[in-house]
>>> print(open('protein16.cif').read())   # mmCIF, C-alpha atoms
data_query
loop_
_atom_site.label_atom_id
_atom_site.label_comp_id
_atom_site.auth_asym_id
_atom_site.auth_seq_id
_atom_site.Cartn_x
_atom_site.Cartn_y
_atom_site.Cartn_z
CA MET A 1 -25.41 21.88 -1.52
CA ALA A 2 -21.87 21.65 -2.94
CA ARG A 3 -21.11 23.65 -6.06
CA PRO A 4 -18.28 23.49 -8.62
CA LEU A 5 -15.19 24.73 -6.81
CA ASP A 6 -12.87 27.50 -8.02
CA LYS A 7 -9.94 27.02 -5.66
CA SER A 8 -8.37 30.31 -6.72
CA LEU A 9 -11.14 32.07 -4.77
CA VAL A 10 -10.37 30.22 -1.52
CA PRO A 11 -7.95 32.11 0.78
CA ALA A 12 -4.82 30.09 1.56
CA VAL A 13 -5.44 30.52 5.32
CA THR A 14 -8.73 28.64 4.99
CA VAL A 15 -7.19 25.35 3.84
CA PRO A 16 -5.35 24.45 7.10
CA ARG A 17 -8.55 25.15 9.02
CA LEU A 18 -10.42 22.65 6.84
CA SER A 19 -8.05 19.94 8.01
CA MET A 20 -8.74 20.92 11.63
CA TYR A 21 -12.48 20.73 11.03
CA LEU A 22 -12.09 17.29 9.46
CA ARG A 23 -10.14 15.95 12.44
CA LYS A 24 -12.82 17.14 14.85
CA LEU A 25 -15.61 15.74 12.69
CA ARG A 26 -13.90 12.36 12.69
CA GLU A 27 -13.75 12.51 16.47
CA LEU A 28 -17.49 13.22 16.55
CA GLN A 29 -18.16 10.32 14.18
CA ALA A 30 -16.17 8.00 16.45
CA ARG A 31 -18.37 9.10 19.36
CA GLY A 32 -21.54 8.47 17.38
CA ILE A 33 -22.57 12.14 17.21
CA GLU A 34 -24.67 12.81 14.11
CA ARG A 35 -25.13 16.61 14.16
CA VAL A 36 -23.03 19.59 15.16
CA SER A 37 -23.55 23.35 15.03
CA SER A 38 -20.94 25.89 13.94
CA LYS A 39 -20.93 27.17 17.54
CA GLN A 40 -20.16 23.71 18.93
CA LEU A 41 -17.46 23.14 16.34
CA ALA A 42 -15.97 26.56 17.11
CA GLU A 43 -15.77 25.73 20.82
CA MET A 44 -13.91 22.49 20.06
CA ILE A 45 -11.33 24.26 17.90
CA ASP A 46 -11.22 27.60 19.74
CA LEU A 47 -12.39 29.57 16.70
CA ASN A 48 -15.20 31.99 15.94
CA ALA A 49 -18.40 30.35 14.67
CA ALA A 50 -18.76 33.10 12.06
CA GLN A 51 -15.30 32.24 10.72
CA ILE A 52 -16.29 28.59 10.35
CA ARG A 53 -19.46 29.50 8.46
CA LYS A 54 -17.43 31.83 6.22
CA ASP A 55 -14.90 29.07 5.49
CA PHE A 56 -17.69 26.68 4.52
CA SER A 57 -19.37 29.33 2.35
CA TYR A 58 -16.55 29.08 -0.20
CA PHE A 59 -17.61 25.51 -0.94
CA GLY A 60 -21.40 25.58 -0.74
CA GLU A 61 -24.23 25.28 1.77
CA PHE A 62 -23.54 22.32 4.02
CA GLY A 63 -25.93 22.99 6.89
CA THR A 64 -29.39 24.25 7.78
CA ARG A 65 -29.91 27.34 9.94
CA GLY A 66 -31.06 26.34 13.40
CA VAL A 67 -30.38 22.66 12.75
CA GLY A 68 -26.64 22.55 12.16
CA TYR A 69 -24.58 20.16 10.09
CA GLU A 70 -24.84 16.43 9.51
CA VAL A 71 -21.45 15.25 10.74
CA GLU A 72 -21.03 12.44 8.22
CA ARG A 73 -22.03 14.59 5.24
CA LEU A 74 -19.91 17.54 6.32
CA ALA A 75 -16.85 15.30 6.78
CA SER A 76 -17.44 13.84 3.33
CA GLU A 77 -17.76 17.29 1.74
CA ILE A 78 -14.57 18.54 3.40
CA ARG A 79 -12.71 15.44 2.21
CA ARG A 80 -13.93 16.26 -1.30
CA CYS A 81 -12.84 19.88 -0.98
CA LEU A 82 -9.39 18.79 0.23
CA GLY A 83 -8.99 16.33 -2.63
CA LEU A 84 -8.88 13.36 -0.28
CA GLU A 85 -11.39 11.27 -2.23
CA ARG A 86 -8.54 10.03 -4.42
CA SER A 87 -5.09 8.59 -3.70
CA TRP A 88 -1.95 10.69 -4.14
CA ASN A 89 1.45 9.15 -4.88
CA VAL A 90 4.22 10.52 -2.66
CA ILE A 91 8.01 10.16 -2.67
CA ILE A 92 10.49 11.15 0.03
CA VAL A 93 13.90 12.46 -0.98
CA GLY A 94 16.32 12.14 1.93
CA ALA A 95 16.59 8.99 4.04
CA GLY A 96 18.07 10.61 7.12
CA SER A 97 16.46 10.62 10.55
CA LEU A 98 13.62 12.92 9.48
CA GLY A 99 12.95 11.19 6.17
CA THR A 100 12.82 7.72 7.70
CA ALA A 101 10.58 8.96 10.53
CA LEU A 102 8.18 10.40 7.96
CA ALA A 103 8.25 7.12 6.02
CA ARG A 104 7.05 5.29 9.13
CA TYR A 105 4.10 7.63 9.66
CA ARG A 106 0.94 5.54 9.30
CA GLY A 107 -1.25 8.60 8.80
CA PHE A 108 -0.15 8.93 5.18
CA ALA A 109 -2.04 5.85 4.02
CA GLU A 110 -5.03 6.62 6.24
CA GLN A 111 -5.43 10.01 4.53
CA GLY A 112 -4.98 8.68 0.99
CA PHE A 113 -1.28 9.49 0.54
CA HIS A 114 0.57 6.50 -0.93
CA LEU A 115 4.32 6.48 -0.28
CA VAL A 116 5.73 4.89 -3.45
CA ALA A 117 9.48 5.43 -3.07
CA MET A 118 12.27 6.91 -1.00
CA PHE A 119 15.59 8.25 -2.32
CA ASP A 120 19.00 9.16 -0.95
CA ALA A 121 22.46 10.03 -2.26
CA SER A 122 24.41 8.11 0.39
CA SER A 123 25.71 4.66 -0.58
CA ARG A 124 25.28 3.67 3.08
CA LYS A 125 21.54 4.34 2.90
CA VAL A 126 20.72 3.15 -0.62
CA GLY A 127 19.34 -0.38 -0.38
CA ALA A 128 18.32 -0.03 3.26
CA SER A 129 14.78 -1.06 4.17
CA PHE A 130 12.24 1.60 5.09
CA GLY A 131 9.19 -0.57 5.65
CA ASP A 132 6.92 -3.10 3.92
CA GLY A 133 9.94 -4.75 2.32
CA ARG A 134 10.82 -1.67 0.25
CA THR A 135 14.33 -0.25 0.00
CA VAL A 136 15.81 3.21 -0.40
CA ARG A 137 16.63 4.04 -4.03
CA ASP A 138 19.66 5.88 -5.37
CA VAL A 139 18.79 9.54 -6.02
CA ALA A 140 20.60 9.23 -9.36
CA GLY A 141 17.47 7.46 -10.61
CA LEU A 142 15.07 10.15 -9.44
CA GLU A 143 14.09 11.50 -12.85
CA ALA A 144 13.76 8.04 -14.39
CA PHE A 145 11.44 6.95 -11.61
CA CYS A 146 9.24 10.04 -11.97
CA ARG A 147 9.01 9.47 -15.71
CA GLU A 148 7.93 5.86 -15.23
CA GLU A 149 5.62 6.37 -12.26
CA SER A 150 2.92 8.93 -11.50
CA VAL A 151 4.33 11.03 -8.66
CA ASP A 152 2.09 13.78 -7.31
CA ILE A 153 3.91 15.02 -4.21
CA ALA A 154 7.57 15.06 -3.18
CA ILE A 155 8.66 15.42 0.43
CA VAL A 156 12.14 16.93 0.46
CA ALA A 157 14.12 16.14 3.61
CA VAL A 158 17.69 16.80 2.47
CA PRO A 159 20.35 19.20 3.78
CA ALA A 160 19.81 22.87 2.91
CA HIS A 161 22.56 22.99 0.29
CA ALA A 162 20.94 20.15 -1.72
CA ALA A 163 17.29 21.21 -1.56
CA GLN A 164 17.11 23.55 -4.57
CA SER A 165 18.95 21.11 -6.81
CA ILE A 166 16.53 18.31 -5.90
CA ILE A 167 13.49 20.52 -6.51
CA ASP A 168 14.91 21.66 -9.86
CA ARG A 169 15.24 18.01 -10.87
CA LEU A 170 11.72 17.14 -9.72
CA THR A 171 10.02 20.10 -11.36
CA GLY A 172 12.18 20.38 -14.46
CA LEU A 173 10.79 17.27 -16.11
CA GLU A 174 8.53 17.43 -19.13
CA PRO A 175 4.82 18.30 -18.56
CA GLY A 176 2.87 15.33 -17.30
CA ARG A 177 5.94 13.84 -15.61
CA ARG A 178 7.03 16.64 -13.28
CA VAL A 179 6.10 16.62 -9.61
CA ARG A 180 3.30 19.13 -9.05
CA ALA A 181 3.63 19.68 -5.30
CA VAL A 182 6.55 19.82 -2.86
CA LEU A 183 6.67 19.72 0.93
CA ASN A 184 10.08 21.12 1.81
CA PHE A 185 11.61 20.34 5.20
CA ALA A 186 15.05 21.70 4.29
CA PRO A 187 15.80 24.91 6.25
CA VAL A 188 16.14 27.10 3.17
CA LYS A 189 13.81 29.00 0.88
CA VAL A 190 13.38 27.20 -2.43
CA PHE A 191 11.98 28.19 -5.80
CA ALA A 192 9.85 26.26 -8.28
CA PRO A 193 7.82 26.92 -11.44
CA ARG A 194 4.58 28.84 -10.88
CA ASP A 195 2.43 25.78 -11.53
CA VAL A 196 4.14 23.80 -8.74
CA VAL A 197 2.78 24.16 -5.20
CA VAL A 198 5.52 24.44 -2.55
CA ARG A 199 4.95 24.35 1.19
CA GLN A 200 7.79 25.10 3.59
CA VAL A 201 8.05 23.37 6.97
CA ASP A 202 10.62 25.24 9.05
CA PHE A 203 11.12 23.59 12.45
CA SER A 204 13.66 26.16 13.64
CA SER A 205 11.29 29.08 12.97
CA GLU A 206 8.50 27.32 14.84
CA LEU A 207 10.80 26.71 17.82
CA MET A 208 11.84 30.39 17.77
CA PHE A 209 8.16 31.33 17.78
CA LEU A 210 7.68 29.25 20.92
CA SER A 211 10.84 30.66 22.47
CA PHE A 212 9.56 34.20 21.93
CA TYR A 213 6.48 33.51 24.07
CA LEU A 214 8.28 31.40 26.65
CA ASP A 215 10.86 34.11 27.31
CA ARG A 216 8.61 36.34 29.41
CA GLU A 217 11.53 38.52 30.52
CA GLY A 218 12.02 39.81 26.96
#
>>> encode(input="protein16.cif", output="structure tokens")
Amino acid sequence: MARPLDKSLVPAVTVPRLSMYLRKLRELQARGIERVSSKQLAEMIDLNAAQIRKDFSYFGEFGTRGVGYEVERLASEIRRCLGLERSWNVIIVGAGSLGTALARYRGFAEQGFHLVAMFDASSRKVGASFGDGRTVRDVAGLEAFCREESVDIAIVAVPAHAAQSIIDRLTGLEPGRRVRAVLNFAPVKVFAPRDVVVRQVDFSSELMFLSFYLDREG
């Protein structure tokens, strides 16, 4: 049974695993499978069954010993834990190749993330279409837009030298208007107020990680 959730008690490493569990549960639902054990789920994800049970224990008792988990209920509970039962308004700042590719990603809407606007500083890109008849806005109007609209998450896909300035603008607004979460694709460490969640996506570091293991002569 689910209990009131204190997210401060949940280790940060647990959250990405929840999204993996949810993807697998959706696959099981599509195949018409109604129950799954922690051992079966662990084999699908290449994890330890005890780790899966520990991850679930932070959120309540979702299964029955010896019987396993109801797939539909478990998927629903994980969606609740991840905050996916509501819609989140998202903006993208940076209409370059990466930003426009992200804007075309259909998975946003499927997961409850509503892309409400896209911004850029280039006069060549402002006014260009990025899908569904919408156009790229001038970044000069970033603060005004955030004050008028409810923006939950900002995806920052600008050059490194511009990233901190953009995040300062997004998070420096008055309480109730500031963006509360940032996904930063710029290849630079950024800083934000303590009450703003920032996640860094560093493609170059990930490629170096792969290079390390591919270079077997090292």
>>> resolve_selection(input="protein16.cif", expression="the PyMOL selection byres ((chain A and resi 170-175) around 12)", output="PDB file with C-alpha atoms, in the coordinates of the input")
ATOM      1  CA  ILE A  91       8.010  10.160  -2.670  1.00  0.00           C
ATOM      2  CA  ILE A  92      10.490  11.150   0.030  1.00  0.00           C
ATOM      3  CA  VAL A  93      13.900  12.460  -0.980  1.00  0.00           C
ATOM      4  CA  VAL A 139      18.790   9.540  -6.020  1.00  0.00           C
ATOM      5  CA  ALA A 140      20.600   9.230  -9.360  1.00  0.00           C
ATOM      6  CA  GLY A 141      17.470   7.460 -10.610  1.00  0.00           C
ATOM      7  CA  LEU A 142      15.070  10.150  -9.440  1.00  0.00           C
ATOM      8  CA  GLU A 143      14.090  11.500 -12.850  1.00  0.00           C
ATOM      9  CA  ALA A 144      13.760   8.040 -14.390  1.00  0.00           C
ATOM     10  CA  PHE A 145      11.440   6.950 -11.610  1.00  0.00           C
ATOM     11  CA  CYS A 146       9.240  10.040 -11.970  1.00  0.00           C
ATOM     12  CA  ARG A 147       9.010   9.470 -15.710  1.00  0.00           C
ATOM     13  CA  GLU A 148       7.930   5.860 -15.230  1.00  0.00           C
ATOM     14  CA  SER A 150       2.920   8.930 -11.500  1.00  0.00           C
ATOM     15  CA  VAL A 151       4.330  11.030  -8.660  1.00  0.00           C
ATOM     16  CA  ASP A 152       2.090  13.780  -7.310  1.00  0.00           C
ATOM     17  CA  ILE A 153       3.910  15.020  -4.210  1.00  0.00           C
ATOM     18  CA  ALA A 154       7.570  15.060  -3.180  1.00  0.00           C
ATOM     19  CA  ILE A 155       8.660  15.420   0.430  1.00  0.00           C
ATOM     20  CA  VAL A 156      12.140  16.930   0.460  1.00  0.00           C
ATOM     21  CA  ALA A 163      17.290  21.210  -1.560  1.00  0.00           C
ATOM     22  CA  GLN A 164      17.110  23.550  -4.570  1.00  0.00           C
ATOM     23  CA  SER A 165      18.950  21.110  -6.810  1.00  0.00           C
ATOM     24  CA  ILE A 166      16.530  18.310  -5.900  1.00  0.00           C
ATOM     25  CA  ILE A 167      13.490  20.520  -6.510  1.00  0.00           C
ATOM     26  CA  ASP A 168      14.910  21.660  -9.860  1.00  0.00           C
ATOM     27  CA  ARG A 169      15.240  18.010 -10.870  1.00  0.00           C
ATOM     28  CA  GLY A 176       2.870  15.330 -17.300  1.00  0.00           C
ATOM     29  CA  ARG A 177       5.940  13.840 -15.610  1.00  0.00           C
ATOM     30  CA  ARG A 178       7.030  16.640 -13.280  1.00  0.00           C
ATOM     31  CA  VAL A 179       6.100  16.620  -9.610  1.00  0.00           C
ATOM     32  CA  ARG A 180       3.300  19.130  -9.050  1.00  0.00           C
ATOM     33  CA  ALA A 181       3.630  19.680  -5.300  1.00  0.00           C
ATOM     34  CA  VAL A 182       6.550  19.820  -2.860  1.00  0.00           C
ATOM     35  CA  VAL A 190      13.380  27.200  -2.430  1.00  0.00           C
ATOM     36  CA  PHE A 191      11.980  28.190  -5.800  1.00  0.00           C
ATOM     37  CA  ALA A 192       9.850  26.260  -8.280  1.00  0.00           C
ATOM     38  CA  PRO A 193       7.820  26.920 -11.440  1.00  0.00           C
ATOM     39  CA  ARG A 194       4.580  28.840 -10.880  1.00  0.00           C
ATOM     40  CA  ASP A 195       2.430  25.780 -11.530  1.00  0.00           C
ATOM     41  CA  VAL A 196       4.140  23.800  -8.740  1.00  0.00           C
ATOM     42  CA  VAL A 197       2.780  24.160  -5.200  1.00  0.00           C
ATOM     43  CA  VAL A 198       5.520  24.440  -2.550  1.00  0.00           C
TER      44      VAL A 198
END
>>> resolve_selection(input="protein16.cif", expression="the PyMOL selection byres ((chain A and resi 116-133) around 8)", output="list in words")
Asn89, Val90, Ile91, Ile92, Val93, Gly94, Ala95, Thr100, Ala103, Arg104, His114, Leu115, Arg134, Thr135, Val136, Arg137, Asp138, Val139, Ala140 and Leu142 of chain A
>>> atom_distance(input="protein16.cif", atom1="CA of Ala160 in chain A", atom2="CA of Pro16 in chain A")
25.6 Å
>>> resolve_selection(input="protein16.cif", expression="the PyMOL selection byres ((chain A and resi 34) around 10)", output="list in words")
Leu25, Leu28, Gln29, Arg31, Gly32, Ile33, Arg35, Val36, Tyr69, Glu70, Val71, Glu72 and Arg73 of chain A
>>> closest_residue(input="protein16.cif", among="A:Leu210, A:Ala157, A:Leu41, A:Val10", to="Gly99 in chain A", atoms="all atoms listed in the file")
A:Ala157
>>> residues_around(input="protein16.cif", residues="Gln200 in chain A", least_positions_apart="5", cutoff="10 Å", atoms="only C-alpha atoms", output="JSON, numbers by chain")
{"A": [156, 182, 183, 184, 185, 186, 187, 188, 189, 190]}
>>> closest_atom_pairs(input="protein16.cif", of="range 105-180 of chain A", to="range 80-87 of chain A", cutoff="8 Å", atoms="all atoms listed in the file", output="tab-separated table")
residue	atom	partner	partner_atom	distance
A:Gln111	CA	A:Leu84	CA	6.8
A:Gly112	CA	A:Ser87	CA	4.7
A:Phe113	CA	A:Ser87	CA	5.8
A:His114	CA	A:Ser87	CA	6.6
>>> write_last_selection(input="protein16.cif", atoms="C-alpha atoms", output="JSON list (two decimals), in the frame of the given file")
[["chain", "number", "residue", "atom", "x", "y", "z"],
["A", 111, "GLN", "CA", -5.43, 10.01, 4.53],
["A", 112, "GLY", "CA", -4.98, 8.68, 0.99],
["A", 113, "PHE", "CA", -1.28, 9.49, 0.54],
["A", 114, "HIS", "CA", 0.57, 6.50, -0.93]]
>>> closest_residue(input="protein16.cif", among="A:Ala30, A:Met208, A:Leu22, A:Ile78", to="Phe59 in chain A", atoms="only C-alpha atoms")
A:Ile78
>>> atom_distance(input="protein16.cif", atom1="CA of Tyr58 in chain A", atom2="CA of Leu9 in chain A")
7.7 Å
>>> closest_residue(input="protein16.cif", among="A:Thr14, A:Ser8, A:Ser211, A:Ser19", to="Arg79 in chain A", atoms="all atoms listed in the file")
A:Ser19
>>> closest_residue(input="protein16.cif", among="A:Tyr21, A:Pro11, A:Glu27, A:Phe209", to="Leu74 in chain A", atoms="all atoms listed in the file")
A:Tyr21
>>> atom_distance(input="protein16.cif", atom1="CA of Arg199 in chain A", atom2="CA of Gln51 in chain A")
23.7 Å
>>> decode(input="protein16.cif", residues="range 92-191 of chain A", atoms="C-alpha atoms", output="PDB file, in the first residue's frame")
ATOM      1  CA  ILE A  92      13.400  24.847 -24.684  1.00  0.00           C
ATOM      2  CA  VAL A  93      15.973  27.632 -24.819  1.00  0.00           C
ATOM      3  CA  GLY A  94      18.180  27.210 -27.875  1.00  0.00           C
ATOM      4  CA  ALA A  95      16.786  26.424 -31.325  1.00  0.00           C
ATOM      5  CA  GLY A  96      19.931  24.917 -32.775  1.00  0.00           C
ATOM      6  CA  SER A  97      20.233  21.359 -34.058  1.00  0.00           C
ATOM      7  CA  LEU A  98      19.901  19.819 -30.590  1.00  0.00           C
ATOM      8  CA  GLY A  99      17.061  22.058 -29.446  1.00  0.00           C
ATOM      9  CA  THR A 100      14.984  21.479 -32.570  1.00  0.00           C
ATOM     10  CA  ALA A 101      15.620  17.722 -32.400  1.00  0.00           C
ATOM     11  CA  LEU A 102      14.364  17.709 -28.807  1.00  0.00           C
ATOM     12  CA  ALA A 103      11.311  19.731 -29.845  1.00  0.00           C
ATOM     13  CA  ARG A 104      10.388  17.010 -32.325  1.00  0.00           C
ATOM     14  CA  TYR A 105      10.591  14.237 -29.732  1.00  0.00           C
ATOM     15  CA  ARG A 106       7.106  12.744 -29.420  1.00  0.00           C
ATOM     16  CA  GLY A 107       7.899  11.096 -26.095  1.00  0.00           C
ATOM     17  CA  PHE A 108       7.479  14.389 -24.242  1.00  0.00           C
ATOM     18  CA  ALA A 109       3.713  14.497 -24.699  1.00  0.00           C
ATOM     19  CA  GLU A 110       3.351  10.759 -24.115  1.00  0.00           C
ATOM     20  CA  GLN A 111       4.993  11.125 -20.691  1.00  0.00           C
ATOM     21  CA  GLY A 112       3.007  14.212 -19.673  1.00  0.00           C
ATOM     22  CA  PHE A 113       5.578  16.875 -20.593  1.00  0.00           C
ATOM     23  CA  HIS A 114       3.927  19.695 -22.547  1.00  0.00           C
ATOM     24  CA  LEU A 115       6.303  21.750 -24.694  1.00  0.00           C
ATOM     25  CA  VAL A 116       4.816  25.256 -24.511  1.00  0.00           C
ATOM     26  CA  ALA A 117       7.516  27.401 -26.132  1.00  0.00           C
ATOM     27  CA  MET A 118      10.952  27.524 -27.693  1.00  0.00           C
ATOM     28  CA  PHE A 119      13.382  30.471 -27.572  1.00  0.00           C
ATOM     29  CA  ASP A 120      16.508  31.603 -29.376  1.00  0.00           C
ATOM     30  CA  ALA A 121      18.677  34.720 -29.642  1.00  0.00           C
ATOM     31  CA  SER A 122      19.338  34.458 -33.383  1.00  0.00           C
ATOM     32  CA  SER A 123      17.209  36.635 -35.673  1.00  0.00           C
ATOM     33  CA  ARG A 124      17.550  33.878 -38.291  1.00  0.00           C
ATOM     34  CA  LYS A 125      15.816  31.383 -36.011  1.00  0.00           C
ATOM     35  CA  VAL A 126      13.208  33.576 -34.317  1.00  0.00           C
ATOM     36  CA  GLY A 127       9.905  33.098 -36.137  1.00  0.00           C
ATOM     37  CA  ALA A 128      10.879  29.724 -37.589  1.00  0.00           C
ATOM     38  CA  SER A 129       8.412  26.876 -37.158  1.00  0.00           C
ATOM     39  CA  PHE A 130       9.228  24.046 -34.771  1.00  0.00           C
ATOM     40  CA  GLY A 131       6.070  21.978 -35.110  1.00  0.00           C
ATOM     41  CA  ASP A 132       2.290  22.146 -34.687  1.00  0.00           C
ATOM     42  CA  GLY A 133       2.239  25.614 -36.224  1.00  0.00           C
ATOM     43  CA  ARG A 134       4.266  27.154 -33.388  1.00  0.00           C
ATOM     44  CA  THR A 135       7.246  29.440 -33.938  1.00  0.00           C
ATOM     45  CA  VAL A 136      10.501  30.116 -32.126  1.00  0.00           C
ATOM     46  CA  ARG A 137      10.277  33.136 -29.802  1.00  0.00           C
ATOM     47  CA  ASP A 138      12.896  35.809 -29.209  1.00  0.00           C
ATOM     48  CA  VAL A 139      14.844  35.053 -26.023  1.00  0.00           C
ATOM     49  CA  ALA A 140      14.460  38.724 -25.088  1.00  0.00           C
ATOM     50  CA  GLY A 141      10.911  37.845 -24.047  1.00  0.00           C
ATOM     51  CA  LEU A 142      11.920  34.917 -21.856  1.00  0.00           C
ATOM     52  CA  GLU A 143      11.124  36.481 -18.493  1.00  0.00           C
ATOM     53  CA  ALA A 144       7.840  37.980 -19.695  1.00  0.00           C
ATOM     54  CA  PHE A 145       6.696  34.602 -20.983  1.00  0.00           C
ATOM     55  CA  CYS A 146       7.566  32.851 -17.707  1.00  0.00           C
ATOM     56  CA  ARG A 147       5.673  35.494 -15.764  1.00  0.00           C
ATOM     57  CA  GLU A 148       2.572  35.048 -17.912  1.00  0.00           C
ATOM     58  CA  GLU A 149       2.680  31.271 -18.266  1.00  0.00           C
ATOM     59  CA  SER A 150       3.271  28.469 -15.778  1.00  0.00           C
ATOM     60  CA  VAL A 151       6.652  26.996 -16.741  1.00  0.00           C
ATOM     61  CA  ASP A 152       7.849  24.036 -14.692  1.00  0.00           C
ATOM     62  CA  ILE A 153      10.925  22.810 -16.568  1.00  0.00           C
ATOM     63  CA  ALA A 154      13.438  24.519 -18.856  1.00  0.00           C
ATOM     64  CA  ILE A 155      15.628  22.577 -21.266  1.00  0.00           C
ATOM     65  CA  VAL A 156      18.757  24.626 -21.915  1.00  0.00           C
ATOM     66  CA  ALA A 157      20.448  23.823 -25.225  1.00  0.00           C
ATOM     67  CA  VAL A 158      22.578  26.926 -25.777  1.00  0.00           C
ATOM     68  CA  PRO A 159      26.350  27.347 -26.218  1.00  0.00           C
ATOM     69  CA  ALA A 160      28.418  26.964 -23.045  1.00  0.00           C
ATOM     70  CA  HIS A 161      29.149  30.680 -22.691  1.00  0.00           C
ATOM     71  CA  ALA A 162      25.417  31.537 -22.609  1.00  0.00           C
ATOM     72  CA  ALA A 163      24.134  28.788 -20.303  1.00  0.00           C
ATOM     73  CA  GLN A 164      24.674  30.424 -16.898  1.00  0.00           C
ATOM     74  CA  SER A 165      23.145  33.704 -18.030  1.00  0.00           C
ATOM     75  CA  ILE A 166      20.017  31.908 -19.280  1.00  0.00           C
ATOM     76  CA  ILE A 167      19.664  29.924 -16.051  1.00  0.00           C
ATOM     77  CA  ASP A 168      20.119  33.093 -13.982  1.00  0.00           C
ATOM     78  CA  ARG A 169      17.270  34.684 -15.931  1.00  0.00           C
ATOM     79  CA  LEU A 170      15.011  31.649 -15.541  1.00  0.00           C
ATOM     80  CA  THR A 171      15.616  31.169 -11.838  1.00  0.00           C
ATOM     81  CA  GLY A 172      15.953  34.803 -10.815  1.00  0.00           C
ATOM     82  CA  LEU A 173      12.278  35.602 -11.226  1.00  0.00           C
ATOM     83  CA  GLU A 174      10.007  36.234  -8.282  1.00  0.00           C
ATOM     84  CA  PRO A 175       8.711  33.184  -6.327  1.00  0.00           C
ATOM     85  CA  GLY A 176       5.857  31.485  -8.114  1.00  0.00           C
ATOM     86  CA  ARG A 177       7.145  32.588 -11.520  1.00  0.00           C
ATOM     87  CA  ARG A 178      10.659  31.152 -11.572  1.00  0.00           C
ATOM     88  CA  VAL A 179      11.423  27.886 -13.334  1.00  0.00           C
ATOM     89  CA  ARG A 180      11.850  25.167 -10.713  1.00  0.00           C
ATOM     90  CA  ALA A 181      13.788  22.585 -12.730  1.00  0.00           C
ATOM     91  CA  VAL A 182      16.449  22.764 -15.441  1.00  0.00           C
ATOM     92  CA  LEU A 183      17.809  20.128 -17.811  1.00  0.00           C
ATOM     93  CA  ASN A 184      21.122  21.540 -19.008  1.00  0.00           C
ATOM     94  CA  PHE A 185      22.648  20.261 -22.246  1.00  0.00           C
ATOM     95  CA  ALA A 186      25.307  22.985 -22.409  1.00  0.00           C
ATOM     96  CA  PRO A 187      28.794  21.511 -21.813  1.00  0.00           C
ATOM     97  CA  VAL A 188      29.490  23.571 -18.712  1.00  0.00           C
ATOM     98  CA  LYS A 189      28.723  23.333 -15.014  1.00  0.00           C
ATOM     99  CA  VAL A 190      25.966  25.736 -14.036  1.00  0.00           C
ATOM    100  CA  PHE A 191      24.671  27.055 -10.732  1.00  0.00           C
TER     101      PHE A 191
END
